[in-house]
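Note: the block below is model-v4.txt and it holds compact mmCIF, C-alpha atoms.
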# COMPACT_ATOMS: atom_id res chain seq x y z
CA MET A 10 -27.51 32.40 74.12
CA LYS A 11 -27.95 28.65 73.91
CA GLN A 12 -26.99 28.67 70.23
CA VAL A 13 -23.90 30.72 70.95
CA SER A 14 -22.97 28.35 73.72
CA ASN A 15 -23.34 25.36 71.35
CA MET A 16 -21.20 27.06 68.73
CA ALA A 17 -18.56 27.75 71.34
CA ASN A 18 -18.63 24.14 72.48
CA THR A 19 -18.29 22.98 68.87
CA SER A 20 -15.33 25.28 68.29
CA ASN A 21 -13.72 24.13 71.50
CA GLY A 22 -14.27 20.51 70.45
CA SER A 23 -12.61 21.07 67.06
CA LEU A 24 -9.69 22.86 68.70
CA ALA A 25 -9.36 20.04 71.20
CA THR A 26 -9.29 17.46 68.38
CA LEU A 27 -6.61 19.35 66.47
CA LEU A 28 -4.62 19.78 69.71
CA ILE A 29 -4.76 16.05 70.36
CA LEU A 30 -3.57 15.29 66.80
CA PHE A 31 -0.74 17.80 67.14
CA THR A 32 0.27 16.35 70.52
CA VAL A 33 0.22 12.79 69.13
CA SER A 34 2.23 13.88 66.13
CA ALA A 35 4.80 15.62 68.29
CA ALA A 36 5.02 12.65 70.59
CA ILE A 37 5.52 10.33 67.63
CA HIS A 38 8.25 12.58 66.27
CA THR A 39 9.94 12.60 69.69
CA GLY A 40 9.73 8.83 70.00
CA ALA A 41 10.96 8.35 66.47
CA ALA A 42 13.92 10.59 67.19
CA GLN A 43 14.85 8.54 70.23
CA PHE A 44 14.34 5.12 68.61
CA PRO A 45 15.11 5.29 64.85
CA VAL A 46 14.08 2.23 62.87
CA GLN A 47 16.18 1.51 59.81
CA SER A 48 14.31 -1.54 58.53
CA GLN A 49 10.94 0.11 57.85
CA ASN A 50 10.06 0.51 54.17
CA LEU A 51 7.11 2.53 52.86
CA ILE A 52 5.75 1.76 49.39
CA SER A 53 2.78 2.68 47.19
CA ASP A 54 1.62 2.22 43.57
CA ASN A 55 0.60 4.48 40.71
CA ILE A 56 -3.03 4.24 39.62
CA SER A 57 -4.85 4.66 36.30
CA VAL A 58 -8.61 4.98 36.59
CA VAL A 59 -11.38 5.77 34.14
CA GLU A 60 -13.32 8.93 34.85
CA GLY A 61 -16.34 8.21 37.05
CA GLU A 62 -14.94 4.98 38.47
CA THR A 63 -13.22 4.28 41.82
CA ALA A 64 -9.50 4.55 42.59
CA THR A 65 -7.89 2.74 45.52
CA ILE A 66 -4.74 4.16 47.15
CA SER A 67 -2.62 1.82 49.27
CA CYS A 68 0.15 2.90 51.64
CA ARG A 69 2.07 -0.20 52.78
CA VAL A 70 4.83 -0.59 55.38
CA LYS A 71 7.23 -3.47 55.93
CA ASN A 72 8.29 -4.13 59.52
CA ASN A 73 6.30 -1.28 61.03
CA ASP A 74 7.08 -0.45 64.67
CA ASP A 75 3.77 1.32 65.33
CA SER A 76 4.80 4.43 63.39
CA VAL A 77 1.84 6.48 62.23
CA ILE A 78 0.77 6.35 58.55
CA GLN A 79 -1.11 9.21 56.94
CA LEU A 80 -2.31 10.03 53.41
CA LEU A 81 -2.12 13.49 51.83
CA ASN A 82 -3.73 14.81 48.65
CA PRO A 83 -1.79 16.63 45.90
CA ASN A 84 -2.27 19.90 47.81
CA ARG A 85 -0.59 18.33 50.88
CA GLN A 86 -3.88 18.25 52.81
CA THR A 87 -4.35 15.29 55.13
CA ILE A 88 -6.95 12.85 53.86
CA TYR A 89 -6.44 10.22 56.56
CA PHE A 90 -4.35 10.33 59.71
CA LYS A 91 -4.26 6.71 60.82
CA ASP A 92 -7.98 5.80 60.62
CA VAL A 93 -9.23 9.37 61.13
CA ARG A 94 -10.38 11.47 58.12
CA PRO A 95 -9.86 15.21 58.78
CA LEU A 96 -10.72 16.09 55.14
CA LYS A 97 -14.44 16.57 54.68
CA ASP A 98 -14.82 14.73 51.35
CA ALA A 99 -17.15 11.77 51.65
CA ARG A 100 -15.81 10.26 48.41
CA PHE A 101 -12.76 9.11 50.40
CA GLN A 102 -13.52 5.99 52.41
CA LEU A 103 -11.30 3.85 54.61
CA VAL A 104 -10.95 0.36 53.14
CA ASN A 105 -8.32 -1.05 55.49
CA PHE A 106 -6.22 0.19 58.39
CA SER A 107 -3.58 -1.82 60.18
CA ASP A 108 0.00 -1.45 61.40
CA ASN A 109 1.21 -2.33 57.90
CA GLU A 110 -1.32 -0.69 55.59
CA LEU A 111 -3.55 2.31 55.11
CA ARG A 112 -5.86 1.70 52.15
CA VAL A 113 -8.33 4.38 51.01
CA SER A 114 -10.84 4.43 48.12
CA LEU A 115 -11.82 7.48 46.08
CA SER A 116 -15.15 7.10 44.27
CA ASN A 117 -16.52 8.97 41.24
CA VAL A 118 -13.08 10.11 40.13
CA SER A 119 -12.94 13.24 38.01
CA LEU A 120 -10.17 14.97 36.10
CA SER A 121 -9.66 17.38 39.03
CA ASP A 122 -8.62 14.44 41.24
CA GLU A 123 -5.59 13.74 39.07
CA GLY A 124 -2.19 14.30 40.69
CA ARG A 125 0.39 12.94 43.14
CA TYR A 126 -0.87 11.58 46.46
CA VAL A 127 1.60 11.23 49.35
CA CYS A 128 1.92 8.39 51.83
CA GLN A 129 3.81 9.52 54.98
CA LEU A 130 5.32 7.39 57.71
CA TYR A 131 6.36 9.16 60.91
CA THR A 132 9.85 7.79 61.42
CA ASP A 133 13.14 9.56 61.96
CA PRO A 134 13.64 10.83 59.39
CA PRO A 135 10.05 10.68 58.03
CA GLN A 136 9.48 8.54 54.97
CA GLU A 137 7.33 9.35 51.94
CA ALA A 138 5.99 7.27 49.05
CA TYR A 139 3.98 8.57 46.11
CA ALA A 140 0.91 7.35 44.25
CA ASP A 141 0.24 9.15 40.97
CA ILE A 142 -3.40 9.00 39.93
CA SER A 143 -3.97 9.28 36.17
CA VAL A 144 -7.55 9.82 35.08
CA LEU A 145 -8.46 8.19 31.75
CA ILE A 146 -11.18 9.82 29.67
CA PRO A 147 -12.53 7.62 26.85
CA PRO A 148 -13.05 9.18 23.42
CA GLY A 149 -16.42 9.82 21.89
CA ASN A 150 -17.78 7.65 19.10
CA PRO A 151 -15.37 7.74 16.13
CA ILE A 152 -16.60 9.57 13.06
CA ILE A 153 -15.74 8.05 9.66
CA GLU A 154 -16.17 9.96 6.40
CA SER A 155 -15.15 9.45 2.77
CA ARG A 156 -14.29 11.97 0.07
CA GLU A 157 -16.81 10.41 -2.30
CA ASP A 158 -19.52 7.81 -1.87
CA ILE A 159 -18.88 6.03 -5.19
CA VAL A 160 -15.39 5.37 -6.60
CA ARG A 161 -14.37 4.06 -10.02
CA GLU A 162 -11.87 1.22 -10.20
CA GLY A 163 -8.31 2.46 -10.64
CA ASN A 164 -9.02 5.76 -8.87
CA GLU A 165 -7.71 6.82 -5.47
CA THR A 166 -10.08 7.39 -2.57
CA GLU A 167 -9.60 9.05 0.82
CA ILE A 168 -11.33 8.11 4.07
CA THR A 169 -11.08 10.11 7.31
CA CYS A 170 -11.62 8.92 10.89
CA THR A 171 -11.83 11.30 13.88
CA SER A 172 -11.62 10.44 17.59
CA MET A 173 -12.53 13.36 19.87
CA GLY A 174 -12.23 14.25 23.56
CA SER A 175 -9.98 11.59 25.01
CA LYS A 176 -7.20 11.49 27.57
CA PRO A 177 -4.59 10.37 26.76
CA ALA A 178 -4.67 10.70 22.98
CA ALA A 179 -6.11 7.67 21.20
CA THR A 180 -4.38 5.81 18.36
CA ILE A 181 -6.16 4.85 15.15
CA LYS A 182 -5.49 1.89 12.85
CA TRP A 183 -7.22 0.84 9.64
CA MET A 184 -8.47 -2.46 8.25
CA LYS A 185 -9.79 -3.14 4.74
CA GLY A 186 -11.47 -6.50 4.94
CA ASP A 187 -8.90 -8.68 6.72
CA LYS A 188 -5.90 -6.59 5.63
CA GLU A 189 -4.37 -3.82 7.73
CA LEU A 190 -3.55 -0.55 5.96
CA GLN A 191 -1.36 2.36 7.09
CA GLY A 192 -2.89 5.80 7.51
CA LYS A 193 -1.51 9.18 8.58
CA SER A 194 -2.61 10.70 11.90
CA LYS A 195 -2.58 14.12 13.55
CA VAL A 196 -3.04 14.80 17.29
CA GLU A 197 -4.48 18.10 18.58
CA ALA A 198 -4.66 19.14 22.26
CA THR A 199 -7.75 21.03 23.42
CA TYR A 200 -8.08 23.67 26.13
CA ASP A 201 -9.45 21.20 28.72
CA ARG A 202 -6.44 18.84 28.52
CA MET A 203 -8.24 16.55 26.06
CA PHE A 204 -7.01 15.32 22.70
CA THR A 205 -8.55 14.99 19.26
CA VAL A 206 -6.97 12.53 16.80
CA THR A 207 -7.64 12.56 13.05
CA SER A 208 -6.39 9.86 10.68
CA TRP A 209 -6.44 9.82 6.86
CA LEU A 210 -6.35 6.70 4.69
CA ARG A 211 -5.63 6.88 0.95
CA PHE A 212 -5.51 3.92 -1.46
CA THR A 213 -6.36 2.94 -5.04
CA VAL A 214 -9.51 0.86 -5.36
CA THR A 215 -10.09 -2.21 -7.52
CA LYS A 216 -13.30 -3.96 -8.53
CA GLU A 217 -12.60 -6.55 -5.81
CA ASP A 218 -13.04 -3.76 -3.21
CA ASP A 219 -16.73 -3.33 -4.03
CA GLY A 220 -18.75 -4.09 -0.91
CA VAL A 221 -15.65 -4.53 1.29
CA PRO A 222 -15.80 -2.79 4.70
CA VAL A 223 -13.14 -0.26 5.67
CA VAL A 224 -12.88 -0.18 9.47
CA CYS A 225 -11.45 2.58 11.67
CA ILE A 226 -10.32 1.05 14.99
CA VAL A 227 -9.72 3.37 17.97
CA ASP A 228 -7.22 2.09 20.53
CA HIS A 229 -7.42 3.67 24.01
CA PRO A 230 -6.73 2.30 27.50
CA ALA A 231 -10.24 3.28 28.64
CA VAL A 232 -12.17 1.43 25.90
CA LYS A 233 -12.01 -1.80 23.89
CA ASP A 234 -13.22 -2.66 20.38
CA PHE A 235 -14.19 0.95 19.64
CA GLN A 236 -14.64 1.27 15.88
CA ALA A 237 -16.57 2.64 12.95
CA GLN A 238 -16.81 1.24 9.43
CA LYS A 239 -17.82 2.19 5.92
CA TYR A 240 -18.56 -0.12 2.99
CA LEU A 241 -16.88 0.70 -0.31
CA GLU A 242 -18.96 1.15 -3.44
CA VAL A 243 -16.79 0.68 -6.52
CA GLN A 244 -17.86 1.04 -10.15
CA TYR A 245 -16.01 -1.14 -12.66
CA LYS A 246 -16.04 -2.19 -16.34
CA PRO A 247 -18.07 -5.26 -17.34
CA GLU A 248 -16.68 -8.75 -16.91
CA VAL A 249 -17.62 -10.77 -20.01
CA THR A 250 -17.80 -14.56 -20.51
CA ILE A 251 -19.34 -16.61 -23.35
CA LYS A 252 -21.36 -19.73 -22.63
CA VAL A 253 -22.06 -22.38 -25.32
CA GLU A 254 -25.69 -23.45 -24.94
CA PHE A 255 -25.44 -26.08 -27.73
CA PRO A 256 -24.00 -28.16 -29.27
CA GLN A 257 -21.72 -29.75 -26.70
CA GLY A 258 -18.37 -31.07 -27.87
CA LEU A 259 -17.37 -31.07 -31.57
CA ILE A 260 -19.31 -28.86 -33.96
CA ARG A 261 -20.19 -30.42 -37.34
CA GLU A 262 -21.74 -29.13 -40.52
CA GLY A 263 -25.51 -28.90 -40.49
CA GLU A 264 -25.78 -28.38 -36.72
CA ASN A 265 -27.09 -25.29 -34.95
CA LEU A 266 -25.05 -23.04 -32.64
CA GLU A 267 -26.29 -20.90 -29.75
CA LEU A 268 -23.99 -18.69 -27.66
CA THR A 269 -24.94 -16.61 -24.61
CA CYS A 270 -22.91 -13.56 -23.57
CA GLN A 271 -22.79 -13.13 -19.79
CA ALA A 272 -21.76 -9.60 -18.76
CA LYS A 273 -21.51 -8.31 -15.21
CA GLY A 274 -20.42 -4.84 -14.16
CA LYS A 275 -21.22 -1.88 -11.95
CA PRO A 276 -23.34 -0.25 -13.11
CA GLN A 277 -24.92 -3.12 -14.99
CA PRO A 278 -23.88 -3.08 -18.71
CA HIS A 279 -26.41 -1.13 -20.74
CA GLN A 280 -25.32 -2.50 -24.13
CA VAL A 281 -24.21 -5.96 -25.35
CA ASN A 282 -23.27 -6.51 -29.02
CA TRP A 283 -22.14 -9.50 -31.14
CA VAL A 284 -19.61 -9.01 -33.93
CA ARG A 285 -17.47 -11.29 -36.10
CA VAL A 286 -13.78 -10.40 -36.16
CA ASP A 287 -12.46 -9.66 -39.69
CA ASP A 288 -15.79 -10.58 -41.32
CA ASP A 289 -19.55 -10.08 -41.14
CA VAL A 290 -21.91 -12.09 -38.99
CA PRO A 291 -23.78 -14.61 -41.21
CA SER A 292 -26.86 -13.00 -42.68
CA HIS A 293 -29.25 -15.57 -41.27
CA ALA A 294 -27.77 -15.39 -37.74
CA VAL A 295 -30.28 -14.30 -35.10
CA ILE A 296 -29.13 -11.98 -32.28
CA THR A 297 -31.55 -11.62 -29.39
CA GLY A 298 -30.19 -9.45 -26.61
CA SER A 299 -27.09 -11.26 -25.36
CA ASP A 300 -27.80 -14.49 -27.37
CA LEU A 301 -26.36 -15.42 -30.79
CA PHE A 302 -28.06 -18.19 -32.79
CA ILE A 303 -26.77 -19.65 -36.08
CA GLU A 304 -28.48 -22.62 -37.75
CA ASN A 305 -27.27 -25.07 -40.40
CA LEU A 306 -23.57 -24.45 -39.86
CA ASN A 307 -20.96 -24.89 -42.57
CA LYS A 308 -17.23 -24.27 -42.79
CA SER A 309 -17.68 -20.80 -44.26
CA TYR A 310 -18.88 -19.68 -40.82
CA ASN A 311 -15.55 -20.49 -39.18
CA GLY A 312 -13.99 -17.51 -37.41
CA THR A 313 -13.89 -15.49 -34.18
CA TYR A 314 -17.17 -14.24 -32.74
CA ARG A 315 -16.86 -11.43 -30.19
CA CYS A 316 -19.26 -10.28 -27.48
CA VAL A 317 -18.76 -6.61 -26.54
CA ALA A 318 -20.31 -5.16 -23.35
CA SER A 319 -20.12 -1.57 -22.10
CA ASN A 320 -21.27 0.64 -19.25
CA SER A 321 -20.46 4.15 -18.04
CA VAL A 322 -17.03 3.05 -16.82
CA GLY A 323 -15.76 1.38 -20.00
CA GLU A 324 -15.96 -1.45 -22.52
CA THR A 325 -14.70 -5.06 -22.49
CA TYR A 326 -15.17 -8.14 -24.67
CA ALA A 327 -14.75 -11.93 -24.87
CA ASP A 328 -14.06 -14.09 -27.95
CA TYR A 329 -15.35 -17.47 -29.14
CA ILE A 330 -13.52 -19.30 -31.97
CA LEU A 331 -15.89 -21.34 -34.17
CA TYR A 332 -14.46 -24.35 -36.06
CA VAL A 333 -16.93 -26.43 -38.07
CA ARG A 334 -15.90 -30.00 -39.03
CA ASP A 335 -17.19 -32.32 -41.74
CA SER A 336 -20.59 -33.80 -41.04
CA GLN A 337 -19.19 -37.38 -40.90
CA ALA A 338 -16.26 -36.35 -38.73
CA GLY A 339 -17.78 -37.68 -35.57
CA PRO A 340 -15.82 -38.89 -32.58
CA GLU A 341 -15.68 -42.46 -33.90
CA ALA A 342 -14.43 -41.37 -37.34
CA GLN A 343 -11.81 -39.18 -35.72
CA ARG A 344 -10.61 -42.02 -33.55
CA LEU A 345 -10.41 -44.28 -36.63
CA ASP A 346 -8.44 -41.68 -38.61
CA HIS A 347 -6.04 -41.26 -35.75
CA ALA A 348 -5.54 -45.05 -35.55
CA VAL A 349 -4.87 -45.33 -39.29
CA ILE A 350 -2.42 -42.45 -39.28
CA GLY A 351 -0.65 -43.93 -36.28
CA GLY A 352 -0.39 -47.34 -37.97
CA VAL A 353 1.05 -45.86 -41.17
CA VAL A 354 3.63 -43.87 -39.25
CA ALA A 355 4.65 -46.97 -37.31
CA VAL A 356 5.08 -49.03 -40.48
CA VAL A 357 7.19 -46.33 -42.16
CA VAL A 358 9.44 -46.00 -39.14
CA PHE A 359 9.86 -49.79 -38.90
CA ALA A 360 10.72 -50.07 -42.63
CA MET A 361 13.33 -47.34 -42.38
CA LEU A 362 14.97 -49.05 -39.40
CA CYS A 363 15.09 -52.38 -41.29
CA LEU A 364 16.63 -50.71 -44.36
CA LEU A 365 19.32 -49.08 -42.27
CA ILE A 366 20.21 -52.39 -40.64
CA VAL A 367 20.42 -54.23 -44.01
CA LEU A 368 22.58 -51.54 -45.61
CA GLY A 369 24.89 -51.45 -42.64
CA ARG A 370 25.46 -55.19 -42.66
CA TYR A 371 25.94 -55.23 -46.47
CA PHE A 372 28.66 -52.57 -46.46
CA ALA A 373 30.36 -54.19 -43.50
CA ARG A 374 30.71 -57.58 -45.25
CA HIS A 375 31.61 -56.54 -48.84
CA LYS A 376 35.01 -54.99 -49.43
CA GLY A 377 36.18 -53.82 -52.97
CA THR A 378 39.39 -55.20 -54.74
CA TYR A 379 40.95 -53.74 -57.91
CA PHE A 380 44.28 -53.70 -59.74
CA THR A 381 46.46 -50.86 -60.93
CA HIS A 382 48.99 -51.33 -63.65
CA GLU A 383 52.14 -49.33 -63.87
CA ALA A 384 54.61 -49.70 -66.79
CA LYS A 385 57.86 -51.38 -65.86
CA GLY A 386 60.96 -49.50 -66.76
CA ALA A 387 59.32 -46.14 -66.49
CA ASP A 388 62.31 -44.92 -64.56
CA ASP A 389 64.64 -45.64 -67.57
CA ALA A 390 62.32 -44.26 -70.27
CA ALA A 391 62.93 -40.83 -71.75
CA ASP A 392 59.22 -40.05 -71.88
CA ALA A 393 55.83 -41.60 -71.12
CA ASP A 394 55.36 -43.09 -74.61
CA THR A 395 58.65 -44.90 -74.39
CA ALA A 396 57.73 -46.23 -70.96
CA ILE A 397 54.49 -47.69 -72.32
CA ILE A 398 56.22 -49.26 -75.37
CA ASN A 399 58.89 -50.81 -73.17
CA ALA A 400 56.28 -52.29 -70.88
CA GLU A 401 55.31 -55.84 -71.85
CA GLY A 402 53.06 -58.53 -70.64
CA GLY A 403 50.11 -56.34 -69.59
CA HIS A 404 48.99 -57.80 -66.30
CA ASN A 405 51.92 -60.19 -66.28
CA ASN A 406 54.37 -57.38 -65.61
CA SER A 407 52.23 -55.42 -63.22
CA ASP A 408 52.23 -55.40 -59.44
CA GLU A 409 48.96 -56.25 -57.86
CA LYS A 410 47.70 -53.61 -55.43
CA LYS A 411 44.64 -53.91 -53.25
CA GLU A 412 42.57 -51.16 -51.67
CA TYR A 413 39.62 -51.68 -49.36
CA TYR A 414 36.56 -49.57 -48.70
CA ILE A 415 33.52 -49.88 -46.58

Structure rendered as structure tokens:
Amino acid sequence: MKQVSNMANTSNGSLATLLILFTVSAAIHTGAAQFPVQSQNLISDNISVVEGETATISCRVKNNDDSVIQLLNPNRQTIYFKDVRPLKDARFQLVNFSDNELRVSLSNVSLSDEGRYVCQLYTDPPQEAYADISVLIPPGNPIIESREDIVREGNETEITCTSMGSKPAATIKWMKGDKELQGKSKVEATYDRMFTVTSWLRFTVTKEDDGVPVVCIVDHPAVKDFQAQKYLEVQYKPEVTIKVEFPQGLIREGENLELTCQAKGKPQPHQVNWVRVDDDVPSHAVITGSDLFIENLNKSYNGTYRCVASNSVGETYADYILYVRDSQAGPEAQRLDHAVIGGVVAVVVFAMLCLLIVLGRYFARHKGTYFTHEAKGADDAADADTAIINAEGGHNNSDEKKEYYI
């Protein structure tokens, strides 16, 4: 009987509380109807919160005249009426209550808490403001995969990056070293309102890409610097260079020559050969691995010597042109020969200039004079013979004519 009595008292207490709230609400409505306030303004803000964290809802009023503020959940259930919490959910806690604000926190937010929350102000007519809570769910660790582990230079490769279980959908971008590349993405929605994003990256590799990281970067409002990476392994043909061990500088007859072929590739070159272009390697030349040694050089050894290196990817080569000079043709002799040749050329040029000047002055100062003789009376003669016979005095009867030339 005592337990029944307690239960009855509890029920009566709950009914009394609800009756009081209803009476207060009705009284507020009546007062608001009699004294409308036009200057009151109710505002709230939308909220984005990561799953598991805390969201804070704020209902704010400008110029409140003691009107009651309450907060409702998306199902229109009262969370707080003034500073009283009718809803039995301990995750809601009162942060601040005053005439101008009702601020409530919601801890351990889950996807089911997402929706539109309503701030109500009991005026005439009642005012409402809305706070949309969006729950952000970070994606899982991105998964990066490649079509093949080892790629040959010049071939195309494909790398895939997958971001699963996020809300909203994540975006994916690609970096190769310090250069951004463009991929193609596809977004798929799952049954639980999550999203899976897959991005493909295709590009042609070069030997410079060997060892370079390709990074998949996932961009999402709930996480920062979320990424996965894969290092490229590229096979390429050998790179060949020839190094002269000795002699340094000019090569003269009687000296020895040693060349080293340096070949680098991936995989490492398995074969290195020396050949002479358009001729045979001297019979007494010694080839030891990548080294070529020729002693007692003479001019018959002049030519192009080629180092050829190969691996499973391909074959490349480098050339060295050998030019053997006379044994006495040292640096000093060469400098002397150059000086002599230069002196001879200078003397020849100077002589030609002097000759041109002398000839020019000679022709300018000497002018030619000569005489022409024409028979007098040629106009009266019947023919040329008569004209000559009639002419007398040789130069005495002739007119002197002068012509000049330069």

Exercise. Just how far from CA of Val223 (chain A) is CA of Asn320 (chain A), in Å to one decimal?
Worked result: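 Computing it gives 26.2 Å between the two atoms.
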
For this session: Considering all atoms listed in the file, return as a ChimeraX atom specification whatever protein or nucleic-acid residues lie within 9 Å of Cys270 (chain A), sequence-local ones (same chain, fewer than 4 positions apart) excluded.
Result: /A:249-252,281-283,298-301,316-318,327

For this session: Find the distance between CA of Ala237 (chain A) and CA of Glu154 (chain A) and write it in Å to one decimal.
Result: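 CA of Ala237 (chain A) sits 9.8 Å away from CA of Glu154 (chain A).
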
Problem set entry | Distance in Å - CA of Asn82 (chain A) versus CA of Gly61 (chain A) | 18.4 Å

For this session: Find the residues near Val144 (chain A): any atom within 10 Å, counting only C-alpha atoms, skip ones fewer than 4 places away on the same chain, and give them as number ranges by chain.
Result: A: 56-62, 64, 118-124, 176-177, 231

Taking all listed atoms of region 102-111 of chain A, build the axis-aligned box, pad each of the six sides by 4 Å, then write its centre and edge lengths in Å to one decimal as JSON.
{"center_x": -6.2, "center_y": 1.8, "center_z": 56.9, "size_x": 22.7, "size_y": 16.3, "size_z": 17.0}

With a distance cut-off of 8 Å and only C-alpha atoms, select the neighbouring residues of Gln102 (chain A), excluding the residue or stretch itself and same-chain residues fewer than 5 positions from it, and output the selection as a PDB file with C-alpha atoms, in the coordinates of the input.
ATOM      1  CA  VAL A 113      -8.330   4.380  51.010  1.00  0.00           C
ATOM      2  CA  SER A 114     -10.840   4.430  48.120  1.00  0.00           C
ATOM      3  CA  LEU A 115     -11.820   7.480  46.080  1.00  0.00           C
TER       4      LEU A 115
END

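Within 7 Å of the point (-7.3, 8.0, 55.9), counting all atoms listed in the file, the protein and nucleic acid residues come to Gln79, Leu80, Ile88, Tyr89, Phe90, Lys91, Asp92, Val93, Arg94, Leu103, Leu111 and Val113 of chain A.
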
Just need region 108-114 of chain A in a file, please: all heavy atoms, as a PDB file, in the first residue's frame.
ATOM      1  N   ASP A 108      17.773  36.350 -19.870  1.00  0.00           N
ATOM      2  CA  ASP A 108      16.651  36.907 -20.619  1.00  0.00           C
ATOM      3  C   ASP A 108      16.940  36.939 -22.131  1.00  0.00           C
ATOM      4  O   ASP A 108      16.001  36.934 -22.937  1.00  0.00           O
ATOM      5  CB  ASP A 108      16.344  38.335 -20.136  1.00  0.00           C
ATOM      6  CG  ASP A 108      15.768  38.345 -18.720  1.00  0.00           C
ATOM      7  OD1 ASP A 108      15.257  37.289 -18.294  1.00  0.00           O
ATOM      8  OD2 ASP A 108      15.845  39.397 -18.057  1.00  0.00           O
ATOM      9  N   ASN A 109      18.232  36.962 -22.477  1.00  0.00           N
ATOM     10  CA  ASN A 109      18.601  37.123 -23.884  1.00  0.00           C
ATOM     11  C   ASN A 109      19.202  35.873 -24.522  1.00  0.00           C
ATOM     12  O   ASN A 109      19.481  35.880 -25.721  1.00  0.00           O
ATOM     13  CB  ASN A 109      19.602  38.270 -24.039  1.00  0.00           C
ATOM     14  CG  ASN A 109      19.011  39.603 -23.615  1.00  0.00           C
ATOM     15  OD1 ASN A 109      17.872  39.905 -23.948  1.00  0.00           O
ATOM     16  ND2 ASN A 109      19.780  40.368 -22.855  1.00  0.00           N
ATOM     17  N   GLU A 110      19.399  34.811 -23.769  1.00  0.00           N
ATOM     18  CA  GLU A 110      19.999  33.625 -24.367  1.00  0.00           C
ATOM     19  C   GLU A 110      19.621  32.357 -23.614  1.00  0.00           C
ATOM     20  O   GLU A 110      19.554  32.336 -22.379  1.00  0.00           O
ATOM     21  CB  GLU A 110      21.532  33.754 -24.394  1.00  0.00           C
ATOM     22  CG  GLU A 110      22.213  32.568 -25.078  1.00  0.00           C
ATOM     23  CD  GLU A 110      23.727  32.633 -25.033  1.00  0.00           C
ATOM     24  OE1 GLU A 110      24.272  33.070 -24.003  1.00  0.00           O
ATOM     25  OE2 GLU A 110      24.366  32.240 -26.031  1.00  0.00           O
ATOM     26  N   LEU A 111      19.420  31.308 -24.410  1.00  0.00           N
ATOM     27  CA  LEU A 111      19.320  29.948 -23.901  1.00  0.00           C
ATOM     28  C   LEU A 111      20.360  29.127 -24.672  1.00  0.00           C
ATOM     29  O   LEU A 111      20.217  28.912 -25.876  1.00  0.00           O
ATOM     30  CB  LEU A 111      17.923  29.380 -24.127  1.00  0.00           C
ATOM     31  CG  LEU A 111      17.740  27.889 -23.793  1.00  0.00           C
ATOM     32  CD1 LEU A 111      18.026  27.597 -22.313  1.00  0.00           C
ATOM     33  CD2 LEU A 111      16.327  27.418 -24.153  1.00  0.00           C
ATOM     34  N   ARG A 112      21.410  28.711 -23.959  1.00  0.00           N
ATOM     35  CA  ARG A 112      22.484  27.972 -24.614  1.00  0.00           C
ATOM     36  C   ARG A 112      22.586  26.599 -23.982  1.00  0.00           C
ATOM     37  O   ARG A 112      22.722  26.454 -22.769  1.00  0.00           O
ATOM     38  CB  ARG A 112      23.807  28.703 -24.471  1.00  0.00           C
ATOM     39  CG  ARG A 112      24.874  28.143 -25.396  1.00  0.00           C
ATOM     40  CD  ARG A 112      26.252  28.757 -25.192  1.00  0.00           C
ATOM     41  NE  ARG A 112      26.228  30.114 -24.675  1.00  0.00           N
ATOM     42  CZ  ARG A 112      27.230  30.648 -23.980  1.00  0.00           C
ATOM     43  NH1 ARG A 112      28.293  29.933 -23.707  1.00  0.00           N
ATOM     44  NH2 ARG A 112      27.148  31.904 -23.551  1.00  0.00           N
ATOM     45  N   VAL A 113      22.550  25.548 -24.880  1.00  0.00           N
ATOM     46  CA  VAL A 113      22.500  24.158 -24.440  1.00  0.00           C
ATOM     47  C   VAL A 113      23.583  23.379 -25.182  1.00  0.00           C
ATOM     48  O   VAL A 113      23.784  23.568 -26.394  1.00  0.00           O
ATOM     49  CB  VAL A 113      21.119  23.540 -24.726  1.00  0.00           C
ATOM     50  CG1 VAL A 113      21.086  22.072 -24.336  1.00  0.00           C
ATOM     51  CG2 VAL A 113      20.034  24.315 -23.981  1.00  0.00           C
ATOM     52  N   SER A 114      24.277  22.474 -24.479  1.00  0.00           N
ATOM     53  CA  SER A 114      25.289  21.621 -25.101  1.00  0.00           C
ATOM     54  C   SER A 114      24.755  20.203 -25.255  1.00  0.00           C
ATOM     55  O   SER A 114      23.961  19.728 -24.436  1.00  0.00           O
ATOM     56  CB  SER A 114      26.569  21.599 -24.264  1.00  0.00           C
ATOM     57  OG  SER A 114      26.334  20.983 -22.999  1.00  0.00           O
TER      58      SER A 114
END
